[in-house]
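One file, my_file-v3.txt, is given below (compact mmCIF, C-alpha atoms).
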# COMPACT_ATOMS: atom_id res chain seq x y z
CA MET A 437 0.00 0.00 0.00
CA THR A 438 1.26 3.45 -0.91
CA CYS A 439 0.81 6.87 0.69
CA GLN A 440 -1.56 7.68 -2.16
CA ASP A 441 -3.85 4.83 -1.15
CA THR A 442 -3.91 5.71 2.51
CA GLY A 443 -5.35 9.22 2.00
CA LEU A 444 -8.91 8.42 2.96
CA LEU A 445 -8.35 5.04 4.52
CA ILE A 446 -6.34 6.54 7.31
CA HIS A 447 -9.43 8.50 8.34
CA ALA A 448 -11.59 5.42 8.10
CA LEU A 449 -9.09 3.65 10.32
CA ALA A 450 -9.25 6.42 12.93
CA ASP A 451 -13.05 6.26 12.76
CA GLY A 452 -13.10 2.51 13.22
CA GLU A 453 -14.81 2.16 9.85
CA LEU A 454 -12.18 0.14 8.06
CA ASP A 455 -12.50 -3.54 7.31
CA LEU A 456 -9.96 -5.96 8.70
CA VAL A 457 -7.95 -6.57 5.54
CA ASN A 458 -7.46 -2.88 4.84
CA SER A 459 -6.73 -2.19 8.49
CA ILE A 460 -3.89 -4.70 8.52
CA GLU A 461 -2.44 -3.35 5.30
CA ILE A 462 -2.58 0.25 6.40
CA GLU A 463 -1.08 -0.49 9.76
CA GLU A 464 1.81 -2.19 8.06
CA HIS A 465 2.28 0.88 5.93
CA LEU A 466 2.15 3.18 8.95
CA GLN A 467 5.03 1.31 10.53
CA ASP A 468 7.22 2.06 7.57
CA CYS A 469 6.05 5.55 6.63
CA ARG A 470 6.78 8.39 8.99
CA SER A 471 4.65 10.96 7.27
CA CYS A 472 1.56 8.78 7.18
CA ALA A 473 2.15 7.85 10.81
CA GLN A 474 2.32 11.54 11.60
CA ALA A 475 -0.91 12.15 9.72
CA GLN A 476 -2.53 9.39 11.76
CA GLU A 477 -1.32 11.04 14.98
CA ASN A 478 -2.72 14.38 13.84
CA ILE A 479 -6.10 12.89 13.10
CA ARG A 480 -6.15 11.28 16.53
CA GLY A 481 -5.15 14.56 18.14
CA LEU A 482 -7.85 16.45 16.32
CA ARG A 483 -10.46 13.85 17.18
CA SER A 484 -9.62 13.97 20.85
CA LEU A 485 -9.81 17.77 20.79
CA MET A 486 -13.30 17.49 19.40
CA LYS A 487 -14.39 15.08 22.09
CA ASP A 488 -14.90 18.14 24.28
CA GLN A 489 -18.57 18.09 25.23
CA SER A 490 -18.71 21.86 25.42
CA LEU A 491 -18.58 21.91 21.62
CA ARG A 492 -22.09 20.57 21.54
CA PHE A 493 -24.89 23.10 21.74
CA THR A 494 -27.64 22.16 24.13
CA PRO A 495 -31.21 23.39 23.71
CA ALA A 496 -32.67 25.87 26.18
CA ALA A 497 -34.23 24.32 29.26
CA ASN A 498 -37.84 24.99 28.27
CA PHE A 499 -37.38 24.24 24.58
CA GLU A 500 -38.52 20.63 24.83
CA LYS A 501 -41.69 21.75 26.56
CA ARG A 502 -42.43 24.34 23.90
CA LEU A 503 -41.77 21.79 21.19
CA ARG A 504 -44.06 19.29 22.84
CA SER A 505 -46.93 21.74 22.99
CA ALA A 506 -46.38 22.72 19.37
CA VAL A 507 -46.69 19.05 18.41
CA ARG A 508 -49.78 18.62 20.57
CA ARG A 509 -51.37 21.65 18.93
CA GLU A 510 -50.62 20.19 15.55
CA ALA A 511 -52.09 16.84 16.58
CA LYS A 512 -55.24 18.54 17.75
CA GLU A 513 -55.58 20.37 14.46
CA LYS A 514 -54.98 17.24 12.47
CA SER A 515 -57.72 15.42 14.34
CA MET A 516 -60.37 17.94 13.29
CA PRO A 517 -62.54 16.41 10.58
CA GLN A 518 -61.77 18.06 7.27
CA ALA A 519 -64.16 18.31 4.37
CA PRO A 520 -62.05 17.09 1.47
CA TRP A 521 -63.26 19.63 -1.05
CA TRP A 522 -61.77 22.74 0.53
CA ARG A 523 -58.29 21.51 0.14
CA TRP A 524 -58.62 21.52 -3.59
CA SER A 525 -61.08 24.25 -4.23
CA MET A 526 -59.33 27.53 -4.81
CA ALA A 527 -62.61 29.41 -5.12
CA ALA A 528 -63.61 28.91 -1.52
CA ALA A 529 -60.09 29.09 -0.22
CA SER A 530 -60.18 32.52 1.37
CA LEU A 531 -63.41 31.89 3.22
CA VAL A 532 -62.14 28.54 4.35
CA VAL A 533 -58.92 30.06 5.64
CA VAL A 534 -60.92 32.33 7.90
CA VAL A 535 -63.14 29.50 9.09
CA VAL A 536 -60.22 27.24 9.76
CA ALA A 537 -58.31 29.98 11.55
CA VAL A 538 -61.21 30.65 13.90
CA TRP A 539 -61.74 26.94 14.29
CA ALA A 540 -58.09 26.39 15.12
CA LEU A 541 -58.20 29.21 17.63
CA VAL A 542 -61.22 27.66 19.31
CA VAL A 543 -59.43 24.33 19.37
CA VAL A 544 -56.34 25.88 20.91
CA LEU A 545 -58.37 27.71 23.53
CA ASN A 546 -60.41 24.64 24.40
CA ARG A 547 -57.48 22.31 24.39
CA PRO A 548 -57.34 20.48 27.70
CA SER A 549 -54.11 21.44 29.39
CA SER A 550 -51.49 18.84 30.07
CA ASP A 551 -50.72 17.85 33.64
CA ALA A 552 -47.49 19.80 33.49
CA GLU A 553 -49.31 22.98 32.53
CA ILE A 554 -51.90 22.50 35.25
CA ALA A 555 -49.17 21.78 37.77
CA GLN A 556 -47.53 25.04 36.80
CA GLU A 557 -50.79 26.92 37.28
CA VAL A 558 -51.29 25.25 40.65
CA VAL A 559 -47.84 26.35 41.77
CA SER A 560 -48.52 29.89 40.54
CA GLY A 561 -51.87 29.93 42.34
CA HIS A 562 -50.26 28.75 45.54
CA VAL A 563 -47.41 31.24 45.37
CA ARG A 564 -49.77 34.08 44.50
CA SER A 565 -51.99 33.26 47.47
CA LEU A 566 -49.00 33.54 49.81
CA MET A 567 -47.47 36.63 48.24
CA ALA A 568 -50.47 38.82 47.65
CA GLN A 569 -51.86 38.47 51.17
CA HIS A 570 -54.89 37.02 49.54
CA LEU A 571 -54.96 33.63 51.10
CA THR A 572 -58.69 33.42 51.66
CA ASP A 573 -61.83 35.17 50.52
CA VAL A 574 -63.73 33.57 53.37
CA PRO A 575 -61.51 33.14 56.41
CA SER A 576 -63.12 30.56 58.62
CA SER A 577 -62.27 27.36 60.39
CA ASP A 578 -65.86 26.20 60.09
CA GLN A 579 -66.61 23.93 57.16
CA HIS A 580 -70.26 24.98 57.34
CA THR A 581 -69.22 28.55 56.64
CA VAL A 582 -66.67 27.81 53.94
CA LYS A 583 -68.71 25.40 51.85
CA PRO A 584 -71.85 27.56 51.47
CA TRP A 585 -69.69 30.57 50.64
CA PHE A 586 -68.84 28.98 47.29
CA ASP A 587 -72.53 28.72 46.38
CA GLY A 588 -73.36 31.05 43.54
CA LYS A 589 -69.70 31.72 42.88
CA LEU A 590 -68.99 28.37 41.26
CA ASP A 591 -71.08 26.00 39.19
CA PHE A 592 -70.18 23.15 41.50
CA SER A 593 -70.05 22.59 45.23
CA PRO A 594 -66.58 21.73 46.46
CA PRO A 595 -66.27 19.24 49.30
CA VAL A 596 -64.90 20.95 52.41
CA LYS A 597 -63.73 18.85 55.36
CA ASP A 598 -62.86 19.81 58.87
CA LEU A 599 -59.54 18.14 59.60
CA GLY A 600 -58.74 20.19 62.71
CA PRO A 601 -58.83 17.20 65.03
CA GLN A 602 -56.26 15.49 62.81
CA GLY A 603 -53.93 18.47 62.98
CA PHE A 604 -54.79 20.20 59.74
CA ASP A 605 -56.62 23.42 60.57
CA LEU A 606 -59.09 24.77 58.07
CA LYS A 607 -58.20 28.39 57.31
CA GLY A 608 -60.83 29.24 54.75
CA GLY A 609 -61.68 29.26 51.08
CA ARG A 610 -60.90 31.34 48.05
CA LEU A 611 -61.80 31.56 44.41
CA ASP A 612 -58.91 30.88 42.09
CA TYR A 613 -58.52 30.40 38.39
CA ILE A 614 -56.96 27.29 36.82
CA GLU A 615 -57.17 25.85 33.33
CA ASN A 616 -59.27 28.81 32.18
CA ARG A 617 -62.00 28.25 34.72
CA PRO A 618 -62.83 29.38 38.24
CA VAL A 619 -61.96 26.76 40.81
CA ALA A 620 -62.29 26.37 44.55
CA ALA A 621 -59.16 26.81 46.62
CA ILE A 622 -59.49 25.49 50.17
CA VAL A 623 -56.75 26.43 52.56
CA TYR A 624 -55.47 24.32 55.45
CA GLN A 625 -52.58 24.81 57.81
CA ARG A 626 -50.28 22.46 59.67
CA ARG A 627 -47.86 24.23 61.98
CA GLN A 628 -46.38 27.02 59.85
CA HIS A 629 -47.15 25.29 56.57
CA LEU A 630 -50.07 26.36 54.42
CA ILE A 631 -51.73 23.89 52.13
CA ASN A 632 -53.79 24.94 49.13
CA VAL A 633 -56.27 22.40 47.83
CA PHE A 634 -57.58 23.20 44.37
CA VAL A 635 -60.79 21.45 43.33
CA TRP A 636 -62.81 21.51 40.15
CA PRO A 637 -65.07 19.09 38.28
CA ALA A 638 -63.16 16.43 36.33
CA ASN A 639 -63.59 15.97 32.59
CA SER A 640 -64.34 12.32 33.00
CA ASN A 641 -65.84 10.21 35.70
CA SER A 642 -62.77 8.06 36.10
CA LYS A 643 -60.91 7.79 39.35
CA SER A 644 -57.19 8.14 39.57
CA ILE A 645 -54.90 7.45 42.46
CA ALA A 646 -52.80 10.13 44.08
CA GLN A 647 -49.68 11.11 42.16
CA ALA A 648 -47.00 13.17 43.83
CA SER A 649 -44.54 15.52 42.18
CA VAL A 650 -42.21 18.32 43.14
CA ARG A 651 -42.13 21.73 41.50
CA GLN A 652 -40.14 24.76 42.51
CA GLY A 653 -39.59 23.18 45.89
CA TYR A 654 -43.29 22.55 46.57
CA ASN A 655 -44.82 19.14 46.98
CA LEU A 656 -47.83 18.52 44.78
CA ILE A 657 -50.31 15.67 44.93
CA ARG A 658 -53.06 15.26 42.39
CA TRP A 659 -55.87 12.78 42.19
CA THR A 660 -59.37 12.39 40.81
CA ASN A 661 -62.37 11.09 42.64
CA SER A 662 -66.06 11.75 43.16
CA GLY A 663 -66.04 13.50 39.79
CA MET A 664 -63.54 16.11 40.89
CA ASP A 665 -59.94 16.87 40.02
CA TRP A 666 -57.94 17.61 43.15
CA TRP A 667 -54.54 19.20 43.53
CA ALA A 668 -52.92 19.71 46.92
CA ILE A 669 -49.79 21.81 47.17
CA SER A 670 -47.64 22.85 50.09
CA ASP A 671 -44.12 23.32 51.36
CA LEU A 672 -45.03 20.67 53.94
CA ASN A 673 -42.97 17.49 53.72
CA LEU A 674 -44.30 14.82 51.40
CA ALA A 675 -45.14 12.27 54.10
CA GLU A 676 -47.42 14.66 55.98
CA LEU A 677 -48.94 15.98 52.78
CA GLN A 678 -49.75 12.36 51.82
CA GLU A 679 -51.31 11.81 55.21
CA PHE A 680 -53.39 14.94 54.64
CA VAL A 681 -54.51 13.74 51.21
CA GLN A 682 -55.56 10.40 52.66
CA LEU A 683 -57.65 12.13 55.27
CA LEU A 684 -59.32 14.20 52.53
CA GLN A 685 -60.02 11.08 50.48
CA ASN A 686 -61.61 9.15 53.33
CA MET B 129 -58.29 10.16 19.88
CA PRO B 130 -55.95 8.49 17.34
CA GLU B 131 -54.15 11.78 16.59
CA GLN B 132 -53.37 12.21 20.27
CA SER B 133 -51.95 8.74 20.69
CA GLN B 134 -49.99 9.27 17.50
CA ALA B 135 -48.57 12.42 19.07
CA VAL B 136 -47.52 10.43 22.11
CA ARG B 137 -45.86 7.77 19.96
CA PHE B 138 -44.15 10.44 17.88
CA GLU B 139 -42.83 12.12 20.99
CA GLU B 140 -41.47 8.83 22.27
CA ILE B 141 -39.51 8.38 19.07
CA ALA B 142 -38.52 11.94 18.26
CA LEU B 143 -37.93 13.72 21.57
CA PRO B 144 -35.01 11.56 22.75
CA HIS B 145 -33.08 12.92 19.77
CA LEU B 146 -33.82 16.54 20.53
CA SER B 147 -30.32 17.33 21.70
CA ALA B 148 -28.78 15.82 18.56
CA ALA B 149 -31.32 17.64 16.39
CA TYR B 150 -30.69 20.94 18.10
CA ASN B 151 -26.92 20.57 18.01
CA LEU B 152 -26.94 19.84 14.27
CA ALA B 153 -29.32 22.71 13.49
CA ARG B 154 -27.40 25.08 15.72
CA TRP B 155 -24.16 24.28 13.90
CA LEU B 156 -25.79 24.69 10.51
CA VAL B 157 -27.72 27.93 11.02
CA ARG B 158 -25.29 29.27 13.61
CA ASN B 159 -27.50 31.01 16.12
CA ASP B 160 -29.78 29.93 18.94
CA HIS B 161 -32.98 31.59 17.88
CA ASP B 162 -32.92 30.39 14.28
CA ALA B 163 -31.91 26.92 15.42
CA GLU B 164 -34.99 26.72 17.65
CA ASP B 165 -37.22 27.85 14.79
CA VAL B 166 -35.74 25.36 12.39
CA VAL B 167 -35.92 22.47 14.86
CA GLN B 168 -39.53 23.24 15.65
CA GLU B 169 -40.35 23.40 11.96
CA ALA B 170 -38.53 20.11 11.44
CA TYR B 171 -40.39 18.39 14.27
CA LEU B 172 -43.74 19.53 12.97
CA ARG B 173 -42.78 18.36 9.52
CA ALA B 174 -41.62 15.04 10.95
CA PHE B 175 -44.90 14.69 12.81
CA LYS B 176 -46.83 15.41 9.64
CA TYR B 177 -45.03 12.60 7.82
CA PHE B 178 -44.94 10.35 10.84
CA GLY B 179 -47.54 8.11 9.22
CA GLY B 180 -44.89 7.23 6.63
CA TYR B 181 -42.30 6.35 9.24
CA ARG B 182 -41.79 2.60 9.09
CA GLY B 183 -39.73 2.07 12.18
CA GLY B 184 -35.98 1.80 11.92
CA GLU B 185 -33.46 4.24 13.22
CA GLY B 186 -35.40 7.16 14.65
CA ARG B 187 -32.35 9.34 14.98
CA THR B 188 -31.35 9.01 11.32
CA TRP B 189 -34.91 9.60 10.20
CA LEU B 190 -35.28 12.69 12.34
CA LEU B 191 -31.86 14.17 11.58
CA THR B 192 -32.53 13.80 7.86
CA ILE B 193 -35.58 15.99 8.26
CA VAL B 194 -33.73 18.44 10.51
CA ARG B 195 -30.92 18.77 7.99
CA ASN B 196 -33.36 19.32 5.14
CA SER B 197 -35.18 21.96 7.16
CA CYS B 198 -31.87 23.69 7.84
CA TYR B 199 -31.02 23.75 4.17
CA SER B 200 -34.40 25.08 3.09
CA TRP B 201 -34.22 27.67 5.87
CA LEU B 202 -30.79 28.78 4.69
CA GLN B 203 -32.05 28.83 1.11
CA ARG B 204 -34.84 31.19 2.17
CA ASN B 205 -32.85 33.37 4.52
CA ARG B 206 -29.16 33.18 3.77
CA ALA B 207 -28.81 31.71 0.31
CA ARG B 208 -25.35 33.19 0.06
CA GLU B 209 -24.01 30.64 2.53
CA LEU B 210 -25.03 27.82 0.22
CA THR B 211 -23.70 29.17 -3.06
CA ASP B 212 -19.95 28.71 -2.49
CA SER B 213 -20.12 25.07 -3.33
CA ILE B 214 -16.98 23.13 -2.71
CA ASP B 215 -14.73 21.44 -5.18
CA GLU B 216 -15.10 17.69 -4.72
CA THR B 217 -11.88 16.71 -6.46
CA GLN B 218 -9.49 14.68 -4.40
CA GLU B 219 -6.37 16.18 -2.95
CA ASP B 220 -3.43 14.36 -1.49
CA LEU B 221 -4.85 14.08 1.96
CA ALA B 222 -2.30 12.04 3.79
CA LEU B 223 0.77 14.05 2.96
CA GLU B 224 -0.73 17.41 3.70
CA PHE B 225 -1.86 16.18 7.04
CA ALA B 226 1.61 15.23 8.07
CA ASN B 227 2.88 18.48 9.58
CA PRO B 228 4.34 17.81 13.01
CA GLU B 229 2.06 20.30 14.71
CA LEU B 230 0.54 17.92 17.15
CA LEU B 231 2.12 19.32 20.29
CA LEU B 232 0.92 22.76 19.38
CA LEU B 233 -2.60 21.44 18.88
CA GLN B 234 -2.84 20.03 22.34
CA HIS B 235 -2.99 23.56 23.66
CA ALA B 236 -5.98 24.53 21.57
CA ASP B 237 -9.02 25.06 23.79
CA ALA B 238 -12.65 24.32 23.10
CA GLN B 239 -13.38 27.91 22.23
CA MET B 240 -10.76 27.93 19.49
CA VAL B 241 -11.99 24.63 18.12
CA ARG B 242 -15.53 25.96 18.12
CA ALA B 243 -14.55 29.13 16.28
CA ALA B 244 -12.55 27.21 13.70
CA LEU B 245 -15.31 24.65 13.15
CA ALA B 246 -17.85 27.44 12.69
CA GLU B 247 -15.68 28.85 9.94
CA LEU B 248 -15.65 25.71 7.82
CA PRO B 249 -17.88 25.66 4.73
CA ILE B 250 -21.18 24.01 5.56
CA GLU B 251 -20.41 20.84 3.56
CA PHE B 252 -17.43 20.11 5.79
CA ARG B 253 -18.96 21.48 8.95
CA GLU B 254 -21.99 19.20 8.82
CA VAL B 255 -20.06 15.96 8.34
CA MET B 256 -17.61 16.97 11.08
CA VAL B 257 -20.46 17.74 13.49
CA MET B 258 -22.26 14.50 12.69
CA ARG B 259 -19.10 12.41 12.94
CA GLU B 260 -17.23 14.03 15.82
CA LEU B 261 -19.95 15.53 17.98
CA GLU B 262 -22.83 13.15 17.32
CA GLU B 263 -20.59 10.13 16.69
CA LEU B 264 -22.64 8.94 13.75
CA SER B 265 -21.29 6.25 11.45
CA TYR B 266 -20.31 6.95 7.84
CA LYS B 267 -23.41 5.13 6.73
CA GLU B 268 -25.72 7.18 8.93
CA ILE B 269 -24.11 10.41 7.73
CA ALA B 270 -24.46 9.26 4.12
CA THR B 271 -28.17 8.63 4.68
CA ILE B 272 -28.82 11.90 6.48
CA ALA B 273 -26.86 14.06 4.04
CA ASP B 274 -27.97 12.02 1.02
CA LEU B 275 -24.39 11.49 -0.17
CA PRO B 276 -22.40 8.46 -1.31
CA ILE B 277 -20.22 7.05 1.47
CA GLY B 278 -17.10 7.91 -0.55
CA THR B 279 -18.10 11.58 -0.54
CA VAL B 280 -18.74 11.47 3.20
CA MET B 281 -15.24 10.08 3.68
CA SER B 282 -13.55 12.65 1.49
CA ARG B 283 -15.45 15.56 3.03
CA LEU B 284 -14.59 14.35 6.46
CA ALA B 285 -10.93 14.01 5.54
CA ARG B 286 -10.80 17.43 3.94
CA GLY B 287 -12.79 18.99 6.76
CA ARG B 288 -10.32 17.63 9.25
CA LYS B 289 -7.42 18.89 7.24
CA ARG B 290 -8.92 22.37 7.04
CA LEU B 291 -9.76 22.42 10.71
CA HIS B 292 -6.30 21.25 11.55
CA SER B 293 -4.64 23.93 9.48
CA LEU B 294 -6.96 26.66 10.82
CA LEU B 295 -6.08 25.63 14.34
CA THR B 296 -2.35 25.32 13.79
CA THR B 297 -2.27 28.72 12.07
CA ARG B 298 -4.04 30.27 15.02
CA MET B 299 -1.97 28.50 17.60
CA GLY B 300 1.15 29.56 15.72
CA SER B 301 0.17 33.21 15.56
CA GLU B 302 -0.90 33.18 19.19
CA THR B 303 2.32 31.73 20.50
CA LYS B 304 4.29 34.25 18.49
CA GLY B 305 2.08 37.01 19.84
CA GLY B 306 0.99 37.94 16.34
CA VAL B 307 -2.46 38.52 14.95
CA ALA B 308 -4.12 35.82 12.91

Can I see the file as structure tokens?
Amino acid sequence: MTCQDTGLLIHALADGELDLVNSIEIEEHLQDCRSCAQAQENIRGLRSLMKDQSLRFTPAANFEKRLRSAVRREAKEKSMPQAPWWRWSMAAASLVVVVVAVWALVVVLNRPSSDAEIAQEVVSGHVRSLMAQHLTDVPSSDQHTVKPWFDGKLDFSPPVKDLGPQGFDLKGGRLDYIENRPVAAIVYQRRQHLINVFVWPANSNSKSIAQASVRQGYNLIRWTNSGMDWWAISDLNLAELQEFVQLLQN
Amino acid sequence: MPEQSQAVRFEEIALPHLSAAYNLARWLVRNDHDAEDVVQEAYLRAFKYFGGYRGGEGRTWLLTIVRNSCYSWLQRNRARELTDSIDETQEDLALEFANPELLLLQHADAQMVRAALAELPIEFREVMVMRELEELSYKEIATIADLPIGTVMSRLARGRKRLHSLLTTRMGSETKGGVA
């Protein structure tokens, strides 16, 4: 094998892409040829320089989330039934564009939010309630005061439990706004820790078991039962928050 | 809803390759914002044609679409970058690579390598990024870039040679205190 032949093969060798026969031949050549051996060293040196992970660009932290919702939006649009004619008919095109645009907008606005989006809204609601000194609209430790207060303010009646004897004091209730609808926020306290429980009617009648997650340092537990979606959030430790959720579920 | 479950399946296949997709796009269009736009466009396009995806290597499939999206984006926005097409004739690769500059090279830092790589013509840059940063095989690169394997090999060899000489020139001028 000559230097002429090795030109590309030497790269293939460095890349581990060379077959056995050629590898043996080129390695023999490298033992005899200083300049090709030097070239081989240079390729190795360059390759190891480029192993540096900082050369890779990594996407922004929230990019995956944005991408995911763009795909979901697209999926939602695709699933709308389409009359086949409008695709082809140029005459009606402009009218159709308007109709479809409005349609798409409605779809986007009505799109059920993903759990991650709801979780984010729950965290925001919780933080807002602590920051804005607007913890409760109806401060009361009496469930028979809190529950009726929601009447006429919501189109459902949120279950309110007195868990004082179990160490979770009822502080009151508040209207909040999640997933583009008014929801009930019921506030409890254990020691210094406030717990917001957000409740609204579920889309389906199914039950789901409690799922815990952590966001921005808060513990969140969500579940569905008796036709309601429930989200509890607090800076309380997870074990006690789980105990609290069990008491609510019983 | 079938479209929803299709979205879930698509995400399972396509999202694990997001960092490879973004890295490739970012190296081709050369800024963060445009790279995000192009990757999003590519993912939506991939989702649209997902029905035609017949299994197989998800990464290759996705990166092919990402690369195509990059090229059509450049065509629309910066056609100039695509017009200086390279000369594919072979050069004597081995001999020109034989300068004993290796010791010098070891002192190059990532920033220098990045700057030099960004300067390479796109045809070399893309195969270098796919080979060295994404560690794709020649065959995968050939599929993604729609090139014969021989062309992938020669572009890679020439890209390396150019990168090497860019770096050694810079290292040389830096150690002598001169200006590149």

Point-to-point distance in Å for CA of Ile657 (chain A) and CA of Glu679 (chain A):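 Computing it gives 11.0 Å between the two atoms.
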
Against chain B, which residues of chain A fall within 10 Å? For each one I want the closest pair of atoms and the distance in Å (one decimal), counting only C-alpha atoms, rows by chain and increasing residue number, as JSON lines.
{"residue": "A:Cys439", "atom": "CA", "partner": "B:Ala222", "partner_atom": "CA", "distance": 6.8}
{"residue": "A:Gln440", "atom": "CA", "partner": "B:Asp220", "partner_atom": "CA", "distance": 7.0}
{"residue": "A:Asp441", "atom": "CA", "partner": "B:Ala222", "partner_atom": "CA", "distance": 8.9}
{"residue": "A:Thr442", "atom": "CA", "partner": "B:Ala222", "partner_atom": "CA", "distance": 6.7}
{"residue": "A:Gly443", "atom": "CA", "partner": "B:Ala222", "partner_atom": "CA", "distance": 4.5}
{"residue": "A:Leu444", "atom": "CA", "partner": "B:Ser282", "partner_atom": "CA", "distance": 6.4}
{"residue": "A:Leu445", "atom": "CA", "partner": "B:Met281", "partner_atom": "CA", "distance": 8.6}
{"residue": "A:Ile446", "atom": "CA", "partner": "B:Ala222", "partner_atom": "CA", "distance": 7.7}
{"residue": "A:His447", "atom": "CA", "partner": "B:Ala285", "partner_atom": "CA", "distance": 6.4}
{"residue": "A:Ala448", "atom": "CA", "partner": "B:Met281", "partner_atom": "CA", "distance": 7.4}
{"residue": "A:Asp451", "atom": "CA", "partner": "B:Ser265", "partner_atom": "CA", "distance": 8.3}
{"residue": "A:Gly452", "atom": "CA", "partner": "B:Ser265", "partner_atom": "CA", "distance": 9.2}
{"residue": "A:Glu453", "atom": "CA", "partner": "B:Tyr266", "partner_atom": "CA", "distance": 7.6}
{"residue": "A:Arg470", "atom": "CA", "partner": "B:Ala226", "partner_atom": "CA", "distance": 8.6}
{"residue": "A:Ser471", "atom": "CA", "partner": "B:Ala226", "partner_atom": "CA", "distance": 5.3}
{"residue": "A:Cys472", "atom": "CA", "partner": "B:Ala222", "partner_atom": "CA", "distance": 6.1}
{"residue": "A:Ala473", "atom": "CA", "partner": "B:Ala226", "partner_atom": "CA", "distance": 7.9}
{"residue": "A:Gln474", "atom": "CA", "partner": "B:Ala226", "partner_atom": "CA", "distance": 5.2}
{"residue": "A:Ala475", "atom": "CA", "partner": "B:Ala226", "partner_atom": "CA", "distance": 4.3}
{"residue": "A:Gln476", "atom": "CA", "partner": "B:Ala226", "partner_atom": "CA", "distance": 8.1}
{"residue": "A:Glu477", "atom": "CA", "partner": "B:Leu230", "partner_atom": "CA", "distance": 7.5}
{"residue": "A:Asn478", "atom": "CA", "partner": "B:Leu230", "partner_atom": "CA", "distance": 5.8}
{"residue": "A:Ile479", "atom": "CA", "partner": "B:Arg288", "partner_atom": "CA", "distance": 7.4}
{"residue": "A:Arg480", "atom": "CA", "partner": "B:Leu230", "partner_atom": "CA", "distance": 9.4}
{"residue": "A:Gly481", "atom": "CA", "partner": "B:Leu230", "partner_atom": "CA", "distance": 6.7}
{"residue": "A:Leu482", "atom": "CA", "partner": "B:His292", "partner_atom": "CA", "distance": 6.9}
{"residue": "A:Arg483", "atom": "CA", "partner": "B:Glu260", "partner_atom": "CA", "distance": 6.9}
{"residue": "A:Ser484", "atom": "CA", "partner": "B:Glu260", "partner_atom": "CA", "distance": 9.1}
{"residue": "A:Leu485", "atom": "CA", "partner": "B:Gln234", "partner_atom": "CA", "distance": 7.5}
{"residue": "A:Met486", "atom": "CA", "partner": "B:Glu260", "partner_atom": "CA", "distance": 6.3}
{"residue": "A:Lys487", "atom": "CA", "partner": "B:Leu261", "partner_atom": "CA", "distance": 6.9}
{"residue": "A:Asp488", "atom": "CA", "partner": "B:Ala238", "partner_atom": "CA", "distance": 6.7}
{"residue": "A:Gln489", "atom": "CA", "partner": "B:Leu261", "partner_atom": "CA", "distance": 7.8}
{"residue": "A:Ser490", "atom": "CA", "partner": "B:Ala238", "partner_atom": "CA", "distance": 6.9}
{"residue": "A:Leu491", "atom": "CA", "partner": "B:Arg242", "partner_atom": "CA", "distance": 6.2}
{"residue": "A:Arg492", "atom": "CA", "partner": "B:Asn151", "partner_atom": "CA", "distance": 6.0}
{"residue": "A:Phe493", "atom": "CA", "partner": "B:Asn151", "partner_atom": "CA", "distance": 4.9}
{"residue": "A:Thr494", "atom": "CA", "partner": "B:Ser147", "partner_atom": "CA", "distance": 6.0}
{"residue": "A:Pro495", "atom": "CA", "partner": "B:Tyr150", "partner_atom": "CA", "distance": 6.1}
{"residue": "A:Ala496", "atom": "CA", "partner": "B:Asp160", "partner_atom": "CA", "distance": 8.8}
{"residue": "A:Phe499", "atom": "CA", "partner": "B:Glu164", "partner_atom": "CA", "distance": 7.7}
{"residue": "A:Glu500", "atom": "CA", "partner": "B:Leu146", "partner_atom": "CA", "distance": 7.6}
{"residue": "A:Arg502", "atom": "CA", "partner": "B:Gln168", "partner_atom": "CA", "distance": 8.8}
{"residue": "A:Leu503", "atom": "CA", "partner": "B:Gln168", "partner_atom": "CA", "distance": 6.1}
{"residue": "A:Arg504", "atom": "CA", "partner": "B:Glu139", "partner_atom": "CA", "distance": 7.5}
{"residue": "A:Ala506", "atom": "CA", "partner": "B:Leu172", "partner_atom": "CA", "distance": 7.6}
{"residue": "A:Val507", "atom": "CA", "partner": "B:Leu172", "partner_atom": "CA", "distance": 6.2}
{"residue": "A:Arg508", "atom": "CA", "partner": "B:Ala135", "partner_atom": "CA", "distance": 6.5}
{"residue": "A:Arg509", "atom": "CA", "partner": "B:Ala135", "partner_atom": "CA", "distance": 9.6}
{"residue": "A:Glu510", "atom": "CA", "partner": "B:Leu172", "partner_atom": "CA", "distance": 7.4}
{"residue": "A:Ala511", "atom": "CA", "partner": "B:Glu131", "partner_atom": "CA", "distance": 5.5}
{"residue": "A:Lys512", "atom": "CA", "partner": "B:Glu131", "partner_atom": "CA", "distance": 6.9}
{"residue": "A:Glu513", "atom": "CA", "partner": "B:Glu131", "partner_atom": "CA", "distance": 9.0}
{"residue": "A:Lys514", "atom": "CA", "partner": "B:Glu131", "partner_atom": "CA", "distance": 6.9}
{"residue": "A:Ser515", "atom": "CA", "partner": "B:Glu131", "partner_atom": "CA", "distance": 5.6}
{"residue": "A:Met516", "atom": "CA", "partner": "B:Glu131", "partner_atom": "CA", "distance": 9.4}

Distance query region 563-573 of chain A at most 10 Å, only C-alpha atoms, self and fewer than 5 positions along chain excluded, as a VMD selection string: chain A and resid 557 to 558 582 585 to 586 607 to 612 621 to 623 630 632 654 669 to 670

Distance query Gly603 (chain A) at most 7 Å, only C-alpha atoms, self and fewer than 3 positions along chain excluded, as number ranges by chain: A: 599-600, 626

Point-to-point distance in Å for CA of Ala170 (chain B) and CA of Val534 (chain A): 25.8 Å

Straight-line distance linking CA of Leu449 (chain A) with CA of Arg253 (chain B), stated in Å to one decimal: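 The value is 20.4 Å.
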